[in-house]
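Peer 1: Shown below is the structure under consideration.
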Amino acid sequence: MAIREILLYPQHSAALRRKSEPIASFSASVKRVIRDLKDTLMSRPDGVGLAAPQVNVHQRAAIVRLRAGPSRQGSEAGPPVALINPQIVEARNEQKDSDGCLSFPGLYGRTIRPHYLRVSGLDEQGRPFDWVFESFDAVVVHHEIDHLDGVLFIDRIEGLEDLYRVHADGSGHLVRAPVKLPVPLGRE
Ligand code: NI
């Protein structure tokens with residue numbers, strides 16, 4: 001088990017902005033990265049997705065925890081699933097939904113993303129898949145594919161009113177606070 005350091009924005013913006021390369025073969029090092037991504041994501045109760053560039057590996061791999069699925073119901077995030085070289089085949093039903101990122105601790109927002117997303121790629125055994133993600137699962141998968149292209153959720157925020165911070169107050173309750181200027185909106 002290896003938990004890797006998650007790169008934070010804006011300290012590591014160059015690495016987070018770099019476009020990742022397709023994975024050409026399932027070498028031992030690629031398998032280790034996938035395992036580490038899973039371990040790192042599962043070490044974070046607040047995380048539902050993690051992409052390789054967030055641990056400074058610029059290869060097209062991401063891990064997601066889905067809510068829907070044949071054996072799943074309700075709103076709890078499921079076991080980690082790997083998406084290798086994911087490609088969007090179809091995206092529609094765009095809606096504004098909540099968004100956040102392990103590279104932006106405490107920062108949340110509302111972004112417009114597809115709620116119907118068909119994606120092809122390879123699973124962690126290298127087998128091709130063609131899957132449909134819906135509702136918040138589509139949001140999560142779309143967010144992670146963005147990471148592989150150096151796109152961050154703040155790029156999809158329309159305005160300050162869609163961004164907020166969550167922190168614990170003196171008695172440990174989570175409270176929502178508006179974001180103060182200047183905020184790192186958009187690409188530098
Ligand atoms: Ni993220």
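Chain labels run A, B, ... following the order of the structure tokens; each chain numbers its residues from 1, and ligands are numbered from 1 in the order shown.
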Please run DSSP on the backbone and report, as a count of residues only, all residues within range 9-162 of chain A that come out as alpha helix (DSSP H).

Peer 2: 33

Peer 1: For ligand 1, return the neighbouring residues as an mmCIF file with N, CA and C atoms, in the first residue's frame (distance at most 8 Å; only C-alpha atoms and all ligand atoms).

Peer 2:
data_model
loop_
_atom_site.group_PDB
_atom_site.id
_atom_site.type_symbol
_atom_site.label_atom_id
_atom_site.label_comp_id
_atom_site.auth_asym_id
_atom_site.auth_seq_id
_atom_site.Cartn_x
_atom_site.Cartn_y
_atom_site.Cartn_z
ATOM 1 N N GLY A 49 -12.758 10.913 -6.644
ATOM 2 C CA GLY A 49 -12.006 10.726 -7.876
ATOM 3 C C GLY A 49 -10.602 11.270 -7.728
ATOM 4 N N LEU A 50 -9.674 10.652 -8.463
ATOM 5 C CA LEU A 50 -8.276 11.097 -8.431
ATOM 6 C C LEU A 50 -7.645 10.738 -9.771
ATOM 7 N N ALA A 51 -6.940 11.702 -10.343
ATOM 8 C CA ALA A 51 -6.302 11.478 -11.645
ATOM 9 C C ALA A 51 -4.782 11.459 -11.462
ATOM 10 N N GLN A 54 -2.502 14.385 -10.601
ATOM 11 C CA GLN A 54 -2.592 14.918 -9.232
ATOM 12 C C GLN A 54 -1.541 14.310 -8.315
ATOM 13 N N GLY A 100 -15.750 19.711 -6.669
ATOM 14 C CA GLY A 100 -14.661 19.958 -5.730
ATOM 15 C C GLY A 100 -13.505 19.093 -6.159
ATOM 16 N N CYS A 101 -12.359 19.251 -5.504
ATOM 17 C CA CYS A 101 -11.166 18.566 -5.995
ATOM 18 C C CYS A 101 -10.171 18.415 -4.844
ATOM 19 N N LEU A 102 -9.530 17.246 -4.763
ATOM 20 C CA LEU A 102 -8.554 17.025 -3.691
ATOM 21 C C LEU A 102 -7.345 17.950 -3.826
ATOM 22 N N SER A 103 -7.138 18.530 -5.003
ATOM 23 C CA SER A 103 -6.041 19.479 -5.178
ATOM 24 C C SER A 103 -6.413 20.889 -4.721
ATOM 25 N N PHE A 104 -7.689 21.069 -4.304
ATOM 26 C CA PHE A 104 -8.185 22.368 -3.803
ATOM 27 C C PHE A 104 -8.875 22.146 -2.463
ATOM 28 N N HIS A 143 -14.922 15.336 -14.612
ATOM 29 C CA HIS A 143 -13.917 16.082 -13.834
ATOM 30 C C HIS A 143 -12.545 15.405 -13.957
ATOM 31 N N GLU A 144 -12.523 14.059 -13.834
ATOM 32 C CA GLU A 144 -11.234 13.346 -13.880
ATOM 33 C C GLU A 144 -10.632 13.365 -15.284
ATOM 34 N N HIS A 147 -8.793 16.513 -15.806
ATOM 35 C CA HIS A 147 -7.452 16.542 -15.209
ATOM 36 C C HIS A 147 -6.391 16.044 -16.194
ATOM 37 N N LEU A 152 -8.902 22.239 -14.847
ATOM 38 C CA LEU A 152 -9.271 22.146 -13.431
ATOM 39 C C LEU A 152 -10.685 22.682 -13.224
ATOM 40 N N PHE A 153 -11.318 22.288 -12.120
ATOM 41 C CA PHE A 153 -12.734 22.653 -11.968
ATOM 42 C C PHE A 153 -12.960 24.152 -11.871
#

Peer 1: Smallest atom-to-atom distance to Leu66 in chain A: which of A:Val141, A:Ser43, A:Pro10, A:Glu90, using only C-alpha atoms?

Peer 2: A:Val141

Peer 1: If you run DSSP on the backbone, which residues of range 3-181 of chain A are strand (DSSP E or B), as a VMD selection string?

Peer 2: chain A and resid 21 49 to 51 59 61 to 65 80 to 100 107 to 122 128 to 134 157 163 to 168 174 to 178

Peer 1: I want to know what sits within 10 Å of Gln125 in chain A, based on only C-alpha atoms, with residues of the same chain fewer than 5 positions away left out; could you give that as a list in words?

Peer 2: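 Returned residues: Phe26, Lys31, Ala82 and Ile84 of chain A.
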
Peer 1: Considering only C-alpha atoms, return as a PyMOL selection string whatever protein or nucleic-acid residues lie within 8 Å of Leu7 in chain A, sequence-local ones (same chain, fewer than 3 positions apart) excluded.

Peer 2: chain A and resi 11-12+16+54-56+103

Peer 1: If you count only C-alpha atoms, which residues fall within 9 Å of Pro114 in chain A, apart from same-chain ones fewer than 4 positions away, as a PDB file with all heavy atoms, in the first residue's frame?

Peer 2:
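Okay, selection_26.pdb is ready:
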ATOM      1  N   ALA A  91     -21.495  13.188 -24.850  1.00  0.00           N
ATOM      2  CA  ALA A  91     -21.746  13.971 -23.634  1.00  0.00           C
ATOM      3  C   ALA A  91     -22.986  14.818 -23.868  1.00  0.00           C
ATOM      4  O   ALA A  91     -23.070  15.528 -24.862  1.00  0.00           O
ATOM      5  CB  ALA A  91     -20.547  14.862 -23.320  1.00  0.00           C
ATOM      6  N   ARG A  92     -23.951  14.705 -22.972  1.00  0.00           N
ATOM      7  CA  ARG A  92     -25.151  15.548 -23.101  1.00  0.00           C
ATOM      8  C   ARG A  92     -25.813  15.738 -21.745  1.00  0.00           C
ATOM      9  O   ARG A  92     -25.297  15.280 -20.739  1.00  0.00           O
ATOM     10  CB  ARG A  92     -26.127  14.960 -24.124  1.00  0.00           C
ATOM     11  CG  ARG A  92     -26.553  13.544 -23.866  1.00  0.00           C
ATOM     12  CD  ARG A  92     -27.510  13.101 -24.995  1.00  0.00           C
ATOM     13  NE  ARG A  92     -27.665  11.668 -25.045  1.00  0.00           N
ATOM     14  CZ  ARG A  92     -28.531  10.988 -24.294  1.00  0.00           C
ATOM     15  NH1 ARG A  92     -29.301  11.611 -23.414  1.00  0.00           N
ATOM     16  NH2 ARG A  92     -28.616   9.674 -24.398  1.00  0.00           N
ATOM     17  N   ASN A  93     -26.923  16.440 -21.770  1.00  0.00           N
ATOM     18  CA  ASN A  93     -27.671  16.747 -20.537  1.00  0.00           C
ATOM     19  C   ASN A  93     -26.823  17.554 -19.551  1.00  0.00           C
ATOM     20  O   ASN A  93     -26.629  17.157 -18.397  1.00  0.00           O
ATOM     21  CB  ASN A  93     -28.195  15.448 -19.902  1.00  0.00           C
ATOM     22  CG  ASN A  93     -29.178  15.731 -18.776  1.00  0.00           C
ATOM     23  OD1 ASN A  93     -29.677  16.849 -18.643  1.00  0.00           O
ATOM     24  ND2 ASN A  93     -29.443  14.728 -17.951  1.00  0.00           N
ATOM     25  N   GLU A  94     -26.301  18.686 -20.030  1.00  0.00           N
ATOM     26  CA  GLU A  94     -25.464  19.522 -19.162  1.00  0.00           C
ATOM     27  C   GLU A  94     -26.304  20.191 -18.078  1.00  0.00           C
ATOM     28  O   GLU A  94     -27.379  20.713 -18.355  1.00  0.00           O
ATOM     29  CB  GLU A  94     -24.755  20.588 -20.001  1.00  0.00           C
ATOM     30  CG  GLU A  94     -23.714  19.983 -20.924  1.00  0.00           C
ATOM     31  CD  GLU A  94     -22.614  20.960 -21.274  1.00  0.00           C
ATOM     32  OE1 GLU A  94     -22.912  22.160 -21.400  1.00  0.00           O
ATOM     33  OE2 GLU A  94     -21.462  20.519 -21.415  1.00  0.00           O
ATOM     34  N   GLN A  95     -25.782  20.132 -16.849  1.00  0.00           N
ATOM     35  CA  GLN A  95     -26.477  20.736 -15.721  1.00  0.00           C
ATOM     36  C   GLN A  95     -25.444  21.306 -14.756  1.00  0.00           C
ATOM     37  O   GLN A  95     -24.303  20.856 -14.726  1.00  0.00           O
ATOM     38  CB  GLN A  95     -27.298  19.683 -14.958  1.00  0.00           C
ATOM     39  CG  GLN A  95     -28.484  19.150 -15.744  1.00  0.00           C
ATOM     40  CD  GLN A  95     -29.235  18.092 -14.947  1.00  0.00           C
ATOM     41  OE1 GLN A  95     -29.332  18.174 -13.730  1.00  0.00           O
ATOM     42  NE2 GLN A  95     -29.769  17.100 -15.637  1.00  0.00           N
ATOM     43  N   LYS A  96     -25.889  22.256 -13.966  1.00  0.00           N
ATOM     44  CA  LYS A  96     -25.008  22.795 -12.932  1.00  0.00           C
ATOM     45  C   LYS A  96     -25.102  21.889 -11.708  1.00  0.00           C
ATOM     46  O   LYS A  96     -26.203  21.572 -11.250  1.00  0.00           O
ATOM     47  CB  LYS A  96     -25.433  24.226 -12.589  1.00  0.00           C
ATOM     48  CG  LYS A  96     -24.348  25.021 -11.883  1.00  0.00           C
ATOM     49  CD  LYS A  96     -24.774  26.451 -11.619  1.00  0.00           C
ATOM     50  CE  LYS A  96     -24.200  27.404 -12.649  1.00  0.00           C
ATOM     51  NZ  LYS A  96     -24.344  28.826 -12.218  1.00  0.00           N
ATOM     52  N   GLU A 134     -24.097   8.333 -15.557  1.00  0.00           N
ATOM     53  CA  GLU A 134     -25.192   9.288 -15.488  1.00  0.00           C
ATOM     54  C   GLU A 134     -25.176  10.025 -14.157  1.00  0.00           C
ATOM     55  O   GLU A 134     -24.569   9.583 -13.188  1.00  0.00           O
ATOM     56  CB  GLU A 134     -26.527   8.565 -15.691  1.00  0.00           C
ATOM     57  CG  GLU A 134     -26.649   8.041 -17.125  1.00  0.00           C
ATOM     58  CD  GLU A 134     -27.994   7.407 -17.413  1.00  0.00           C
ATOM     59  OE1 GLU A 134     -28.138   6.199 -17.152  1.00  0.00           O
ATOM     60  OE2 GLU A 134     -28.888   8.120 -17.890  1.00  0.00           O
ATOM     61  N   SER A 135     -25.869  11.174 -14.163  1.00  0.00           N
ATOM     62  CA  SER A 135     -26.048  11.962 -12.958  1.00  0.00           C
ATOM     63  C   SER A 135     -24.681  12.364 -12.372  1.00  0.00           C
ATOM     64  O   SER A 135     -23.773  12.720 -13.121  1.00  0.00           O
ATOM     65  CB  SER A 135     -26.900  11.140 -11.994  1.00  0.00           C
ATOM     66  OG  SER A 135     -27.117  11.790 -10.802  1.00  0.00           O
ATOM     67  N   ALA A 138     -21.452  10.940 -13.812  1.00  0.00           N
ATOM     68  CA  ALA A 138     -20.974  11.585 -15.040  1.00  0.00           C
ATOM     69  C   ALA A 138     -20.144  12.825 -14.703  1.00  0.00           C
ATOM     70  O   ALA A 138     -19.115  13.090 -15.344  1.00  0.00           O
ATOM     71  CB  ALA A 138     -22.160  11.957 -15.933  1.00  0.00           C
ATOM     72  N   VAL A 139     -20.562  13.561 -13.679  1.00  0.00           N
ATOM     73  CA  VAL A 139     -19.818  14.750 -13.232  1.00  0.00           C
ATOM     74  C   VAL A 139     -18.411  14.348 -12.789  1.00  0.00           C
ATOM     75  O   VAL A 139     -17.409  14.954 -13.176  1.00  0.00           O
ATOM     76  CB  VAL A 139     -20.563  15.450 -12.065  1.00  0.00           C
ATOM     77  CG1 VAL A 139     -19.721  16.579 -11.466  1.00  0.00           C
ATOM     78  CG2 VAL A 139     -21.915  15.983 -12.538  1.00  0.00           C
ATOM     79  N   HIS A 142     -16.246  13.141 -15.754  1.00  0.00           N
ATOM     80  CA  HIS A 142     -15.900  14.298 -16.587  1.00  0.00           C
ATOM     81  C   HIS A 142     -14.808  15.137 -15.918  1.00  0.00           C
ATOM     82  O   HIS A 142     -13.853  15.580 -16.574  1.00  0.00           O
ATOM     83  CB  HIS A 142     -17.169  15.135 -16.819  1.00  0.00           C
ATOM     84  CG  HIS A 142     -17.052  16.134 -17.927  1.00  0.00           C
ATOM     85  ND1 HIS A 142     -16.819  17.473 -17.695  1.00  0.00           N
ATOM     86  CD2 HIS A 142     -17.112  15.994 -19.273  1.00  0.00           C
ATOM     87  CE1 HIS A 142     -16.763  18.108 -18.852  1.00  0.00           C
ATOM     88  NE2 HIS A 142     -16.935  17.245 -19.829  1.00  0.00           N
TER      89      HIS A 142
END

Peer 1: Excluding same-chain residues fewer than 4 positions from Ala62 in chain A, what lies within 12 Å of it counting only C-alpha atoms, as an NGL selection string?

Peer 2: :A and (20 or 22-23 or 30 or 33-38 or 40-41 or 48-55 or 57-58 or 80-87 or 121-124 or 140-149)

Peer 1: I'd like the neighbourhood of Pro105 in chain A as a ChimeraX atom specification, where a residue qualifies if any of its atoms comes within 12 Å (using only C-alpha atoms), though same-chain residues fewer than 2 positions away should be ignored.

Peer 2: /A:6-10,44,46-47,99-103,107-109,164-167

Peer 1: Name the closest residue to Ala168 in chain A among the candidates A:Lys19, A:Gly106, A:Arg118, A:Ile88; distances are taken between atoms, counting only C-alpha atoms.

Peer 2: A:Gly106

Peer 1: Can you tell me how far CA of Val132 in chain A sits from CA of Tyr116 in chain A, in Å to one decimal?

Peer 2: 7.1 Å
